[in-house]
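Novice: This structure is in structure tokens; I'll ask about it shortly.
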Amino acid sequence: MNEKQSETELERWFEMQRDDLDTGRRLAKALGAYRQTRPHFKEAMYLQLQASLKRRQRPEDEVRPATLLRQILKRLNVIVEGGARMSTSTRRWWKVHPVWQGAMAVLLAVVVLLGTVGAVARANPEVASDIVVFMERVLDGRTVTVVTGPLSDSERDTAIRIATSDPRTQEALGGAQYTVSEVTLLPPTFSVSPEGWITTSEYRVVGVWLQAGDSTWIVRLDLHTGKVITVYQEEGD
Amino acid sequence: MKDSASERLGQFYEQYFSRVYGYVRYKVNDLTTAEDLTASVFMRLVERFDGLRRHEEEALVRWVFTTAHNMVIDHYRTRRERLSLETLIEGGWQPQQEENPEQDALRQDTLTSLRQRLGELSEREQDIIGLKFVSQLTNRQIAGVTGLSEANVAQILHRALRRIRERLKEGEKA
């Protein structure tokens, strides 16, 4: 290839790049419109994602009964140890009055138990009020609240029935044997009422996990409408 | 103390939500389905976030767009519908309005022509065009999502752009 030919080739290449760039710009400008969402969709979606993340992280943060008992025993132990450091006169009083010793120990245990349960309930309101998710965010000056309450047994049964009878689920499973591994309440897909509230009675989205062999299928459905929203396969890590 | 998972999710969401939504909207024919599928993609992200958040951003991007791509395929498979960009308008899609009416009219014409040209491309080409110009992914990111090599993505893009350009020129002449 001579020098003249190389130059022509190079010019052609540059021209091609310019053309591609020009067409690309036109496409980018035109197709950018697809990224536009309805007002508040992005905000509301973010709200429910954070709520969902919070809900998924909660089991690790929850104080389980065993932990609670350990905490109580630890506190009692501190008191017993404290008792060993009592003054001579106080020890003598305890020895002289063994009945009081027993009564006071029981009373102290009750006080400590009530105090610990109260502290746990204050730290985790859902332990006391049974609310799974509670989140607030201001959108355009309105406070939008997501409240997701506990799933009742009848709701759970209904969710399993809706999930397993849906044609999409049956097609996904392809006649394979399955077991229901989890039924859980999920934050709503997207719904902001004019009053700015999303409540449990208005919107109940449930996830049903179906285990078929090595595959896990997740059926997301709305209990309020009784319809399946999506069926998808959970990917392995 | 700030929750790092929540913070990471927030940053990722802010950066990629519109791009994922745009890609899904580009691929499906109605607004509600696009919203629902996008919601499903991000819900799955949250379900797996404990494992995924330790990955680099590139891996997260790959995971999210691959999931979106698979969900769109799943959507069409279950609904037995054919992907068509033309049906977007029937689904309520409205292009962004320009302030200048003349520019707007010009843009509408361009959009109509582009839409027709895009419909003539193969599904893979349409997919790559969507990932590139709607989701604004780099060729490397597109390669990660589609499983093609970066060079192959560049080649397909170049061919697709050339075909669109040629058809547009033919249209202008006619």
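Scheme for the structure tokens: letters A, B, ... for chains in order shown; per-chain residue numbers from 1; ligand numbers from 1 in order shown.
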Could you list, with a cut-off of 7 Å and counting only C-alpha atoms, the residues of chain B near chain A, each shown with its nearest atom pair and the distance in Å rounded to one decimal, rows sorted by chain and ascending number, as CSV?

Specialist:
```
residue,atom,partner,partner_atom,distance
B:Ser6,CA,A:Gln50,CA,6.6
B:Ser18,CA,A:Arg35,CA,5.2
B:Arg19,CA,A:Arg35,CA,6.1
B:Tyr21,CA,A:Arg35,CA,6.1
B:Gly22,CA,A:Arg35,CA,3.9
B:Arg25,CA,A:Tyr34,CA,6.0
B:Tyr26,CA,A:Tyr34,CA,6.1
B:Ala39,CA,A:Thr189,CA,6.5
B:Met43,CA,A:Leu49,CA,6.6
B:Val46,CA,A:Leu53,CA,5.9
B:Thr78,CA,A:Arg168,CA,6.8
B:Pro95,CA,A:Ala33,CA,5.6
B:Gln96,CA,A:Ala33,CA,5.4
B:Leu111,CA,A:Ala30,CA,6.1
B:Phe133,CA,A:Ala28,CA,4.7
B:Val134,CA,A:Gly32,CA,5.4
B:His158,CA,A:Asp20,CA,6.8
B:Leu161,CA,A:Asp20,CA,6.1
B:Arg162,CA,A:Asp20,CA,6.9
B:Arg165,CA,A:Thr23,CA,6.5
```

Novice: Using only C-alpha atoms, determine which residues lie at most 12 Å from Ala212 of chain A, disregarding the query and same-chain residues fewer than 5 positions distant; provide the list as a list in words.

Specialist: Thr169, Gln170, Ala172, Leu173, Gly174, Gly175, Ala176, Gln177, Tyr178, Thr179, Val180, Ser181, Trp217, Ile218, Gln233 and Glu234 of chain A

Novice: Can I get the selection written as a short mmCIF file (atom, residue, chain, number, x, y, z; two decimals), in the first residue's frame, with N, CA and C atoms?

Specialist:
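Now in result_9.cif:
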```cif
data_model
loop_
_atom_site.label_atom_id
_atom_site.label_comp_id
_atom_site.auth_asym_id
_atom_site.auth_seq_id
_atom_site.Cartn_x
_atom_site.Cartn_y
_atom_site.Cartn_z
N THR A 169 -46.53 -19.35 37.14
CA THR A 169 -45.77 -20.17 38.10
C THR A 169 -45.71 -21.60 37.60
N GLN A 170 -46.86 -22.09 37.12
CA GLN A 170 -46.91 -23.49 36.67
C GLN A 170 -45.99 -23.70 35.47
N ALA A 172 -43.32 -21.89 34.85
CA ALA A 172 -41.94 -21.79 35.35
C ALA A 172 -41.50 -23.11 35.99
N LEU A 173 -42.39 -23.70 36.78
CA LEU A 173 -42.04 -24.94 37.48
C LEU A 173 -42.02 -26.14 36.52
N GLY A 174 -42.78 -26.05 35.46
CA GLY A 174 -42.80 -27.11 34.45
C GLY A 174 -43.18 -28.47 35.00
N GLY A 175 -44.11 -28.48 35.93
CA GLY A 175 -44.61 -29.73 36.50
C GLY A 175 -43.70 -30.34 37.56
N ALA A 176 -42.61 -29.65 37.89
CA ALA A 176 -41.68 -30.20 38.90
C ALA A 176 -42.29 -30.14 40.30
N GLN A 177 -41.86 -31.06 41.15
CA GLN A 177 -42.30 -31.07 42.55
C GLN A 177 -41.69 -29.86 43.26
N TYR A 178 -42.44 -29.24 44.13
CA TYR A 178 -41.90 -28.07 44.80
C TYR A 178 -42.34 -28.03 46.26
N THR A 179 -41.61 -27.24 47.03
CA THR A 179 -42.04 -26.98 48.40
C THR A 179 -42.02 -25.46 48.61
N VAL A 180 -42.91 -25.00 49.47
CA VAL A 180 -42.93 -23.57 49.76
C VAL A 180 -41.89 -23.32 50.85
N SER A 181 -40.82 -22.61 50.50
CA SER A 181 -39.74 -22.43 51.47
C SER A 181 -39.89 -21.14 52.29
N TRP A 217 -37.84 -20.45 42.83
CA TRP A 217 -38.65 -19.48 42.09
C TRP A 217 -39.31 -18.54 43.09
N ILE A 218 -39.28 -17.26 42.76
CA ILE A 218 -39.93 -16.28 43.64
C ILE A 218 -41.16 -15.72 42.92
N GLN A 233 -36.78 -16.55 38.63
CA GLN A 233 -35.92 -17.55 39.26
C GLN A 233 -34.81 -16.88 40.04
N GLU A 234 -34.60 -17.34 41.24
CA GLU A 234 -33.53 -16.79 42.06
C GLU A 234 -32.21 -17.36 41.56
#
```

Novice: May I have the residues within 7 Å of segment 53-70 of chain B as a PyMOL selection string, using only C-alpha atoms and disregarding those fewer than 3 positions away in the same chain?

Specialist: chain B and resi 20+24+41+49-50+73-74+141+144-145

Novice: Output C-alpha atoms of each residue in that selection to a file, as a compact mmCIF listing (two decimals), in the first residue's frame.

Specialist:
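Wrote again-v3.txt, looks like this:
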```
# COMPACT_ATOMS: atom_id res chain seq x y z
CA VAL B 20 -32.10 0.68 34.01
CA VAL B 24 -36.52 -1.63 30.23
CA VAL B 41 -34.88 -5.66 39.16
CA PHE B 49 -27.52 -6.92 48.31
CA ASP B 50 -25.64 -8.41 51.25
CA ILE B 73 -36.94 -11.80 27.95
CA ASP B 74 -38.99 -13.58 30.60
CA GLN B 141 -19.96 -2.67 30.37
CA GLY B 144 -20.10 -7.66 30.42
CA VAL B 145 -23.89 -7.69 30.11
```

Novice: Would you work out the distance separating atom CA of Val228 of chain A from atom CA of Tyr23 of chain B, expressed in Å to one decimal?

Specialist: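 It comes out at 23.4 Å.
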
Novice: One decimal, in Å: what's the spacing between atom CA of Glu166 of chain B and atom CA of Leu114 of chain B?

Specialist: 11.5 Å

Novice: Between B:Phe42, B:Val72, B:Glu123, B:Ala154, which has the minimum distance to Gly10 of chain B (counting only C-alpha atoms)?

Specialist: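 Ranking B:Phe42, B:Val72, B:Glu123, B:Ala154 by distance to Gly10 of chain B, first place goes to B:Phe42.
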
Novice: What does the structure give for the distance between atom CA of Trp209 of chain A and atom CA of Glu182 of chain A, in Å to one decimal?

Specialist: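 These atoms are spaced 4.9 Å apart.
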